[in-house]
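Structure file entry31.cif; described as mmCIF, C-alpha atoms.
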data_start
loop_
_atom_site.group_PDB
_atom_site.id
_atom_site.type_symbol
_atom_site.label_atom_id
_atom_site.label_comp_id
_atom_site.auth_asym_id
_atom_site.auth_seq_id
_atom_site.Cartn_x
_atom_site.Cartn_y
_atom_site.Cartn_z
ATOM 1 C CA MET X 1242 37.658 27.869 -1.773
ATOM 2 C CA SER X 1243 36.011 30.951 -0.357
ATOM 3 C CA GLU X 1244 33.154 30.934 2.133
ATOM 4 C CA GLN X 1245 30.833 32.298 -0.501
ATOM 5 C CA SER X 1246 31.475 29.467 -2.964
ATOM 6 C CA GLU X 1247 31.109 26.871 -0.176
ATOM 7 C CA ALA X 1248 27.653 28.241 0.594
ATOM 8 C CA VAL X 1249 26.622 27.899 -3.053
ATOM 9 C CA TYR X 1250 28.030 24.441 -3.726
ATOM 10 C CA ARG X 1251 26.594 21.397 -2.034
ATOM 11 C CA PRO X 1252 27.429 17.964 -3.372
ATOM 12 C CA ARG X 1253 24.435 15.884 -4.298
ATOM 13 C CA PRO X 1254 23.671 13.451 -1.483
ATOM 14 C CA VAL X 1255 23.906 9.756 -2.297
ATOM 15 C CA TRP X 1256 21.046 8.628 -0.050
ATOM 16 C CA PRO X 1257 18.176 9.228 -2.527
ATOM 17 C CA LYS X 1258 19.735 6.818 -5.012
ATOM 18 C CA VAL X 1259 20.514 4.188 -2.352
ATOM 19 C CA ILE X 1260 17.099 4.337 -0.704
ATOM 20 C CA GLY X 1261 15.379 4.502 -4.087
ATOM 21 C CA ILE X 1262 17.153 1.363 -5.308
ATOM 22 C CA LEU X 1263 16.404 -0.470 -2.051
ATOM 23 C CA SER X 1264 12.751 0.533 -2.337
ATOM 24 C CA ILE X 1265 12.554 -0.795 -5.888
ATOM 25 C CA VAL X 1266 14.229 -4.083 -4.922
ATOM 26 C CA PHE X 1267 12.124 -4.613 -1.780
ATOM 27 C CA GLY X 1268 8.909 -3.693 -3.591
ATOM 28 C CA LEU X 1269 9.555 -5.984 -6.558
ATOM 29 C CA LEU X 1270 10.568 -8.900 -4.326
ATOM 30 C CA ALA X 1271 7.456 -8.492 -2.180
ATOM 31 C CA VAL X 1272 5.185 -8.403 -5.234
ATOM 32 C CA LEU X 1273 6.944 -11.345 -6.866
ATOM 33 C CA PHE X 1274 6.930 -13.625 -3.815
ATOM 34 C CA GLY X 1275 3.482 -12.574 -2.587
ATOM 35 C CA VAL X 1276 1.749 -13.109 -5.921
ATOM 36 C CA ALA X 1277 3.745 -16.270 -6.723
ATOM 37 C CA ALA X 1278 2.835 -17.856 -3.378
ATOM 38 C CA VAL X 1279 -0.864 -17.386 -4.076
ATOM 39 C CA ALA X 1280 -0.604 -18.323 -7.760
ATOM 40 C CA LEU X 1281 1.135 -21.605 -6.865
ATOM 41 C CA MET X 1282 -1.460 -22.658 -4.280
ATOM 42 C CA PRO X 1283 -3.317 -24.921 -6.738
ATOM 43 C CA VAL X 1284 -0.033 -26.666 -7.554
ATOM 44 C CA TRP X 1285 0.824 -27.201 -3.887
ATOM 45 C CA GLY X 1286 -2.736 -28.322 -3.204
ATOM 46 C CA GLY X 1287 -2.478 -30.913 -5.957
ATOM 47 C CA MET X 1288 0.721 -32.297 -4.460
ATOM 48 C CA LEU X 1289 -0.799 -32.367 -0.965
ATOM 49 C CA LYS X 1290 -4.059 -34.049 -1.989
ATOM 50 C CA SER X 1291 -2.506 -37.512 -2.294
ATOM 51 C CA GLN X 1292 -1.278 -37.367 1.301
ATOM 52 C CA LEU X 1293 -4.661 -36.410 2.760
ATOM 53 C CA ASN X 1294 -6.193 -39.884 2.187
ATOM 54 C CA GLY X 1295 -9.450 -38.565 0.718
ATOM 55 C CA ALA X 1296 -9.872 -35.588 3.046
ATOM 56 C CA PRO X 1297 -10.515 -32.200 1.411
ATOM 57 C CA LEU X 1298 -7.753 -29.639 1.126
ATOM 58 C CA PRO X 1299 -7.195 -27.556 4.248
ATOM 59 C CA PRO X 1300 -8.606 -24.033 4.200
ATOM 60 C CA THR X 1301 -5.069 -22.648 4.112
ATOM 61 C CA MET X 1302 -4.528 -24.303 0.709
ATOM 62 C CA ARG X 1303 -7.661 -23.019 -1.014
ATOM 63 C CA LEU X 1304 -7.977 -19.805 -2.999
ATOM 64 C CA SER X 1305 -10.636 -17.489 -1.613
ATOM 65 C CA PRO X 1306 -11.813 -13.995 -2.492
ATOM 66 C CA LEU X 1307 -10.412 -12.754 0.821
ATOM 67 C CA LEU X 1308 -6.988 -14.253 0.109
ATOM 68 C CA ILE X 1309 -6.957 -12.759 -3.387
ATOM 69 C CA GLY X 1310 -8.033 -9.375 -1.967
ATOM 70 C CA VAL X 1311 -5.362 -9.374 0.743
ATOM 71 C CA THR X 1312 -2.731 -10.373 -1.829
ATOM 72 C CA ALA X 1313 -3.878 -7.698 -4.297
ATOM 73 C CA PHE X 1314 -3.812 -5.027 -1.583
ATOM 74 C CA GLY X 1315 -0.275 -6.029 -0.584
ATOM 75 C CA ALA X 1316 0.845 -6.079 -4.218
ATOM 76 C CA LEU X 1317 -0.565 -2.586 -4.846
ATOM 77 C CA VAL X 1318 1.133 -1.237 -1.723
ATOM 78 C CA ASN X 1319 4.452 -2.681 -2.859
ATOM 79 C CA LEU X 1320 4.000 -1.377 -6.402
ATOM 80 C CA LEU X 1321 3.575 2.049 -4.783
ATOM 81 C CA LEU X 1322 6.962 1.451 -3.136
ATOM 82 C CA VAL X 1323 8.513 0.675 -6.539
ATOM 83 C CA VAL X 1324 7.108 3.901 -7.995
ATOM 84 C CA ALA X 1325 8.291 5.817 -4.926
ATOM 85 C CA GLY X 1326 11.779 4.381 -5.448
ATOM 86 C CA PHE X 1327 11.949 5.579 -9.047
ATOM 87 C CA VAL X 1328 10.619 9.023 -8.091
ATOM 88 C CA LEU X 1329 13.195 9.273 -5.304
ATOM 89 C CA ILE X 1330 16.048 8.322 -7.650
ATOM 90 C CA ALA X 1331 14.883 11.195 -9.876
ATOM 91 C CA ARG X 1332 15.181 13.427 -6.762
ATOM 92 C CA LYS X 1333 11.602 14.618 -7.007
ATOM 93 C CA PRO X 1334 10.080 15.906 -3.740
ATOM 94 C CA ALA X 1335 7.093 13.628 -4.378
ATOM 95 C CA GLY X 1336 9.412 10.697 -3.562
ATOM 96 C CA ARG X 1337 9.211 11.618 0.111
ATOM 97 C CA THR X 1338 5.421 11.835 0.037
ATOM 98 C CA LEU X 1339 5.093 8.536 -1.830
ATOM 99 C CA HIS X 1340 7.395 6.799 0.656
ATOM 100 C CA LEU X 1341 5.342 8.112 3.569
ATOM 101 C CA ALA X 1342 2.125 6.959 1.864
ATOM 102 C CA TYR X 1343 3.722 3.552 1.263
ATOM 103 C CA ALA X 1344 4.858 3.357 4.883
ATOM 104 C CA LEU X 1345 1.388 3.986 6.281
ATOM 105 C CA LEU X 1346 -0.249 1.596 3.822
ATOM 106 C CA GLY X 1347 2.547 -0.933 4.407
ATOM 107 C CA VAL X 1348 1.881 -0.969 8.144
ATOM 108 C CA ALA X 1349 -1.845 -1.387 7.467
ATOM 109 C CA SER X 1350 -1.157 -4.153 4.936
ATOM 110 C CA THR X 1351 1.063 -5.972 7.422
ATOM 111 C CA PHE X 1352 -1.582 -5.984 10.122
ATOM 112 C CA VAL X 1353 -4.297 -7.053 7.652
ATOM 113 C CA GLY X 1354 -2.011 -9.909 6.606
ATOM 114 C CA VAL X 1355 -1.376 -10.938 10.224
ATOM 115 C CA LEU X 1356 -5.098 -10.937 11.014
ATOM 116 C CA PHE X 1357 -5.713 -13.022 7.902
ATOM 117 C CA GLN X 1358 -3.004 -15.501 8.956
ATOM 118 C CA LEU X 1359 -4.448 -15.811 12.461
ATOM 119 C CA GLN X 1360 -7.873 -16.458 10.950
ATOM 120 C CA ASN X 1361 -6.344 -19.080 8.637
ATOM 121 C CA GLN X 1362 -4.622 -20.845 11.527
ATOM 122 C CA ALA X 1363 -7.895 -21.027 13.466
ATOM 123 C CA ALA X 1364 -9.644 -22.433 10.372
ATOM 124 C CA LEU X 1365 -6.852 -25.001 9.966
ATOM 125 C CA ARG X 1366 -7.253 -26.193 13.570
ATOM 126 C CA SER X 1367 -11.023 -26.422 13.112
ATOM 127 C CA TRP X 1368 -10.603 -28.364 9.861
ATOM 128 C CA ALA X 1369 -8.121 -30.756 11.496
ATOM 129 C CA SER X 1370 -10.546 -31.453 14.348
ATOM 130 C CA ASN X 1371 -12.914 -32.987 11.765
ATOM 131 C CA TYR X 1372 -10.282 -35.642 10.942
ATOM 132 C CA PRO X 1373 -8.961 -36.879 14.303
ATOM 133 C CA ASP X 1374 -7.906 -40.270 12.882
ATOM 134 C CA ASN X 1375 -5.815 -38.849 10.019
ATOM 135 C CA GLU X 1376 -2.240 -38.778 11.310
ATOM 136 C CA PHE X 1377 -0.945 -36.550 8.497
ATOM 137 C CA ILE X 1378 -3.639 -33.942 9.124
ATOM 138 C CA GLN X 1379 -2.991 -33.939 12.862
ATOM 139 C CA ARG X 1380 0.747 -33.411 12.269
ATOM 140 C CA MET X 1381 0.028 -30.599 9.792
ATOM 141 C CA ALA X 1382 -2.357 -28.827 12.175
ATOM 142 C CA GLY X 1383 -0.106 -29.448 15.175
ATOM 143 C CA SER X 1384 2.831 -27.715 13.518
ATOM 144 C CA SER X 1385 0.810 -24.505 13.302
ATOM 145 C CA GLN X 1386 0.356 -24.173 17.049
ATOM 146 C CA GLY X 1387 2.427 -23.046 19.965
ATOM 147 C CA THR X 1388 5.905 -21.659 19.941
ATOM 148 C CA SER X 1389 6.604 -22.067 16.235
ATOM 149 C CA GLN X 1390 3.506 -20.046 15.363
ATOM 150 C CA ILE X 1391 4.529 -17.236 17.718
ATOM 151 C CA ILE X 1392 8.109 -17.216 16.408
ATOM 152 C CA GLY X 1393 6.855 -17.169 12.815
ATOM 153 C CA LEU X 1394 4.429 -14.371 13.584
ATOM 154 C CA VAL X 1395 7.076 -12.230 15.288
ATOM 155 C CA ALA X 1396 9.630 -12.860 12.538
ATOM 156 C CA GLY X 1397 7.057 -12.069 9.858
ATOM 157 C CA LEU X 1398 6.049 -8.864 11.625
ATOM 158 C CA ALA X 1399 9.659 -7.765 12.014
ATOM 159 C CA LEU X 1400 10.453 -8.375 8.347
ATOM 160 C CA SER X 1401 7.226 -6.833 7.068
ATOM 161 C CA LEU X 1402 7.443 -3.725 9.240
ATOM 162 C CA ALA X 1403 11.183 -3.044 8.883
ATOM 163 C CA TRP X 1404 11.084 -0.961 5.687
ATOM 164 C CA PRO X 1405 7.803 0.884 6.392
ATOM 165 C CA VAL X 1406 9.049 1.881 9.872
ATOM 166 C CA PHE X 1407 12.385 2.957 8.405
ATOM 167 C CA CYS X 1408 10.517 5.101 5.839
ATOM 168 C CA ILE X 1409 8.381 6.687 8.557
ATOM 169 C CA ILE X 1410 11.482 7.583 10.571
ATOM 170 C CA TRP X 1411 13.641 8.632 7.603
ATOM 171 C CA PHE X 1412 11.082 10.661 5.661
ATOM 172 C CA GLY X 1413 8.911 11.714 8.592
ATOM 173 C CA MET X 1414 11.598 12.741 11.074
ATOM 174 C CA VAL X 1415 15.035 12.932 9.451
ATOM 175 C CA LYS X 1416 14.651 14.113 5.851
ATOM 176 C CA ARG X 1417 11.615 16.338 6.142
ATOM 177 C CA ASP X 1418 12.833 19.097 3.828
ATOM 178 C CA PRO X 1419 12.546 18.376 0.077
ATOM 179 C CA ASP X 1420 15.782 20.332 -0.366
ATOM 180 C CA SER X 1421 17.666 17.604 1.561
ATOM 181 C CA MET X 1422 17.818 15.397 -1.537
ATOM 182 C CA LEU X 1423 19.141 18.111 -3.823
ATOM 183 C CA GLY X 1424 22.586 19.499 -4.320
ATOM 184 C CA THR X 1425 24.205 21.565 -7.005
ATOM 185 C CA ASP X 1426 25.227 19.980 -10.271
ATOM 186 C CA ASP X 1427 28.592 21.638 -10.708
ATOM 187 C CA GLU X 1428 31.511 22.016 -8.375
ATOM 188 C CA PRO X 1429 32.628 25.648 -8.054
ATOM 189 C CA ILE X 1430 35.706 26.712 -9.972
#
With the file now loaded, output its structure as structure tokens.
Amino acid sequence: MSEQSEAVYRPRPVWPKVIGILSIVFGLLAVLFGVAAVALMPVWGGMLKSQLNGAPLPPTMRLSPLLIGVTAFGALVNLLLVVAGFVLIARKPAGRTLHLAYALLGVASTFVGVLFQLQNQAALRSWASNYPDNEFIQRMAGSSQGTSQIIGLVAGLALSLAWPVFCIIWFGMVKRDPDSMLGTDDEPI
């Protein structure tokens, strides 16, 4: 092969397909589990009610406009990731832009979710303080404090931020040129 034909031919890189598929999978799983967790809250609340001995459901088991809003925002951000994955598989330069938009919104969504969880945990402790004689409630509220809460928060942050941070690094620092996802269709003769 001559130098001239080597300059013309570049094999198509595999990374757009791999990252696109991962984006689609991660986005769909996040939407599925996020929406399902909220949709099943009434079912879980019904199962928990019998163990509360007449006490009302804890605030963490009740649907609220804020919970629905946070869930909807997260679902929309992850649907953007799914779209970005399909666009990237098609090797369109907009795939990079959509992944960067997802990454920024994903980081924001993660921190909104963490703030919401911290608010929920405080509300749970306050609710439990109204029922000091209910052993089940005290156990439920006690499990949300201390080391386990910190470990859960750190693990949740790490999982939620992993793909957005990867996208920021990959599309913001490594693959900045739209030409990096293209190649030539035919191998030179």
Proximity of region 1256-1326 of chain X to region 1409-1412 of chain X: per-residue shortest pair, 12 Å limit, all atoms listed in the file, as a Markdown table:
| residue | atom | partner | partner_atom | distance |
| --- | --- | --- | --- | --- |
| X:Trp1256 | CA | X:Trp1411 | CA | 10.6 |
| X:Pro1257 | CA | X:Phe1412 | CA | 10.9 |
| X:Ile1260 | CA | X:Trp1411 | CA | 10.0 |
| X:Ala1325 | CA | X:Phe1412 | CA | 12.0 |
Edge lengths and centre in Å, axis-aligned, region 1372-1376 of chain X plus 8 Å each side, as lines of an AutoDock Vina configuration file:
center_x = -6.3
center_y = -38.0
center_z = 12.2
size_x = 24.0
size_y = 20.6
size_z = 20.3
Within 8 Å of Val1272 (chain X) using all atoms listed in the file, minus same-chain residues under 6 positions, as a ChimeraX atom specification: /X:1315-1316,1319-1320
Pick from X:Gly1310, X:Leu1359, X:Pro1405, X:Leu1400 nearest to Leu1346 (chain X), counting only C-alpha atoms: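 So, comparing all the options, the nearest one is X:Pro1405.
A straight line drawn from CA of Pro1252 (chain X) to CA of Val1415 (chain X) is 18.5 Å long.
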Neighbours of point (11.5, 12.7, -7.4) within 12 Å, using all atoms listed in the file, written as a PyMOL selection string: chain X and resi 1257-1258+1261+1324-1340+1419-1423
Hits of the PyMOL selection byres ((chain X and resi 1273-1285) around 9) in this structure, as an NGL selection string: :X and (1268-1272 or 1286-1290 or 1302-1304 or 1308-1309 or 1312-1313 or 1315-1316)
Could you add N, CA and C atoms to region 1280-1311 of chain X and give me the result as a PDB file, in the coordinates of the input?
ATOM      1  N   ALA X1280      -0.406 -17.709  -6.446  1.00  0.00           N
ATOM      2  CA  ALA X1280      -0.604 -18.323  -7.760  1.00  0.00           C
ATOM      3  C   ALA X1280      -0.239 -19.806  -7.754  1.00  0.00           C
ATOM      4  N   LEU X1281       0.700 -20.205  -6.906  1.00  0.00           N
ATOM      5  CA  LEU X1281       1.135 -21.605  -6.865  1.00  0.00           C
ATOM      6  C   LEU X1281       0.316 -22.464  -5.905  1.00  0.00           C
ATOM      7  N   MET X1282      -0.654 -21.872  -5.221  1.00  0.00           N
ATOM      8  CA  MET X1282      -1.460 -22.658  -4.280  1.00  0.00           C
ATOM      9  C   MET X1282      -2.144 -23.861  -4.928  1.00  0.00           C
ATOM     10  N   PRO X1283      -2.716 -23.730  -6.127  1.00  0.00           N
ATOM     11  CA  PRO X1283      -3.317 -24.921  -6.738  1.00  0.00           C
ATOM     12  C   PRO X1283      -2.294 -26.040  -6.996  1.00  0.00           C
ATOM     13  N   VAL X1284      -1.078 -25.668  -7.333  1.00  0.00           N
ATOM     14  CA  VAL X1284      -0.033 -26.666  -7.554  1.00  0.00           C
ATOM     15  C   VAL X1284       0.303 -27.372  -6.243  1.00  0.00           C
ATOM     16  N   TRP X1285       0.507 -26.597  -5.186  1.00  0.00           N
ATOM     17  CA  TRP X1285       0.824 -27.201  -3.887  1.00  0.00           C
ATOM     18  C   TRP X1285      -0.343 -28.047  -3.381  1.00  0.00           C
ATOM     19  N   GLY X1286      -1.552 -27.554  -3.617  1.00  0.00           N
ATOM     20  CA  GLY X1286      -2.736 -28.322  -3.204  1.00  0.00           C
ATOM     21  C   GLY X1286      -2.806 -29.653  -3.914  1.00  0.00           C
ATOM     22  N   GLY X1287      -2.479 -29.664  -5.201  1.00  0.00           N
ATOM     23  CA  GLY X1287      -2.478 -30.913  -5.957  1.00  0.00           C
ATOM     24  C   GLY X1287      -1.458 -31.909  -5.420  1.00  0.00           C
ATOM     25  N   MET X1288      -0.308 -31.407  -5.010  1.00  0.00           N
ATOM     26  CA  MET X1288       0.721 -32.297  -4.460  1.00  0.00           C
ATOM     27  C   MET X1288       0.318 -32.814  -3.073  1.00  0.00           C
ATOM     28  N   LEU X1289      -0.405 -32.000  -2.323  1.00  0.00           N
ATOM     29  CA  LEU X1289      -0.799 -32.367  -0.965  1.00  0.00           C
ATOM     30  C   LEU X1289      -1.979 -33.335  -0.950  1.00  0.00           C
ATOM     31  N   LYS X1290      -2.816 -33.269  -1.963  1.00  0.00           N
ATOM     32  CA  LYS X1290      -4.059 -34.049  -1.989  1.00  0.00           C
ATOM     33  C   LYS X1290      -3.817 -35.547  -1.800  1.00  0.00           C
ATOM     34  N   SER X1291      -2.768 -36.070  -2.401  1.00  0.00           N
ATOM     35  CA  SER X1291      -2.506 -37.512  -2.294  1.00  0.00           C
ATOM     36  C   SER X1291      -2.160 -37.936  -0.868  1.00  0.00           C
ATOM     37  N   GLN X1292      -1.670 -37.036  -0.071  1.00  0.00           N
ATOM     38  CA  GLN X1292      -1.278 -37.367   1.301  1.00  0.00           C
ATOM     39  C   GLN X1292      -2.428 -37.218   2.298  1.00  0.00           C
ATOM     40  N   LEU X1293      -3.539 -36.662   1.856  1.00  0.00           N
ATOM     41  CA  LEU X1293      -4.661 -36.410   2.760  1.00  0.00           C
ATOM     42  C   LEU X1293      -5.604 -37.599   2.889  1.00  0.00           C
ATOM     43  N   ASN X1294      -5.379 -38.661   2.123  1.00  0.00           N
ATOM     44  CA  ASN X1294      -6.193 -39.884   2.187  1.00  0.00           C
ATOM     45  C   ASN X1294      -7.683 -39.600   2.030  1.00  0.00           C
ATOM     46  N   GLY X1295      -8.041 -38.824   1.016  1.00  0.00           N
ATOM     47  CA  GLY X1295      -9.450 -38.565   0.718  1.00  0.00           C
ATOM     48  C   GLY X1295     -10.046 -37.354   1.415  1.00  0.00           C
ATOM     49  N   ALA X1296      -9.352 -36.783   2.364  1.00  0.00           N
ATOM     50  CA  ALA X1296      -9.872 -35.588   3.046  1.00  0.00           C
ATOM     51  C   ALA X1296      -9.753 -34.386   2.104  1.00  0.00           C
ATOM     52  N   PRO X1297     -10.624 -33.393   2.263  1.00  0.00           N
ATOM     53  CA  PRO X1297     -10.515 -32.200   1.411  1.00  0.00           C
ATOM     54  C   PRO X1297      -9.275 -31.383   1.776  1.00  0.00           C
ATOM     55  N   LEU X1298      -8.894 -30.525   0.858  1.00  0.00           N
ATOM     56  CA  LEU X1298      -7.753 -29.639   1.126  1.00  0.00           C
ATOM     57  C   LEU X1298      -8.033 -28.767   2.348  1.00  0.00           C
ATOM     58  N   PRO X1299      -6.990 -28.450   3.106  1.00  0.00           N
ATOM     59  CA  PRO X1299      -7.195 -27.556   4.248  1.00  0.00           C
ATOM     60  C   PRO X1299      -7.551 -26.146   3.770  1.00  0.00           C
ATOM     61  N   PRO X1300      -8.213 -25.383   4.603  1.00  0.00           N
ATOM     62  CA  PRO X1300      -8.606 -24.033   4.200  1.00  0.00           C
ATOM     63  C   PRO X1300      -7.412 -23.138   3.869  1.00  0.00           C
ATOM     64  N   THR X1301      -6.257 -23.456   4.396  1.00  0.00           N
ATOM     65  CA  THR X1301      -5.069 -22.648   4.112  1.00  0.00           C
ATOM     66  C   THR X1301      -4.501 -22.923   2.725  1.00  0.00           C
ATOM     67  N   MET X1302      -5.018 -23.943   2.042  1.00  0.00           N
ATOM     68  CA  MET X1302      -4.528 -24.303   0.709  1.00  0.00           C
ATOM     69  C   MET X1302      -5.554 -24.030  -0.382  1.00  0.00           C
ATOM     70  N   ARG X1303      -6.613 -23.323  -0.039  1.00  0.00           N
ATOM     71  CA  ARG X1303      -7.661 -23.019  -1.014  1.00  0.00           C
ATOM     72  C   ARG X1303      -7.672 -21.534  -1.321  1.00  0.00           C
ATOM     73  N   LEU X1304      -7.833 -21.205  -2.601  1.00  0.00           N
ATOM     74  CA  LEU X1304      -7.977 -19.805  -2.999  1.00  0.00           C
ATOM     75  C   LEU X1304      -9.345 -19.308  -2.538  1.00  0.00           C
ATOM     76  N   SER X1305      -9.373 -18.099  -2.025  1.00  0.00           N
ATOM     77  CA  SER X1305     -10.636 -17.489  -1.613  1.00  0.00           C
ATOM     78  C   SER X1305     -10.617 -16.020  -2.032  1.00  0.00           C
ATOM     79  N   PRO X1306     -11.783 -15.426  -2.155  1.00  0.00           N
ATOM     80  CA  PRO X1306     -11.813 -13.995  -2.492  1.00  0.00           C
ATOM     81  C   PRO X1306     -11.055 -13.140  -1.475  1.00  0.00           C
ATOM     82  N   LEU X1307     -11.127 -13.519  -0.204  1.00  0.00           N
ATOM     83  CA  LEU X1307     -10.412 -12.754   0.821  1.00  0.00           C
ATOM     84  C   LEU X1307      -8.900 -12.862   0.630  1.00  0.00           C
ATOM     85  N   LEU X1308      -8.418 -14.065   0.348  1.00  0.00           N
ATOM     86  CA  LEU X1308      -6.988 -14.253   0.109  1.00  0.00           C
ATOM     87  C   LEU X1308      -6.532 -13.456  -1.104  1.00  0.00           C
ATOM     88  N   ILE X1309      -7.309 -13.506  -2.174  1.00  0.00           N
ATOM     89  CA  ILE X1309      -6.957 -12.759  -3.387  1.00  0.00           C
ATOM     90  C   ILE X1309      -6.978 -11.259  -3.097  1.00  0.00           C
ATOM     91  N   GLY X1310      -7.955 -10.798  -2.318  1.00  0.00           N
ATOM     92  CA  GLY X1310      -8.033  -9.375  -1.967  1.00  0.00           C
ATOM     93  C   GLY X1310      -6.854  -8.918  -1.119  1.00  0.00           C
ATOM     94  N   VAL X1311      -6.502  -9.716  -0.113  1.00  0.00           N
ATOM     95  CA  VAL X1311      -5.362  -9.374   0.743  1.00  0.00           C
ATOM     96  C   VAL X1311      -4.074  -9.347  -0.078  1.00  0.00           C
TER      97      VAL X1311
END
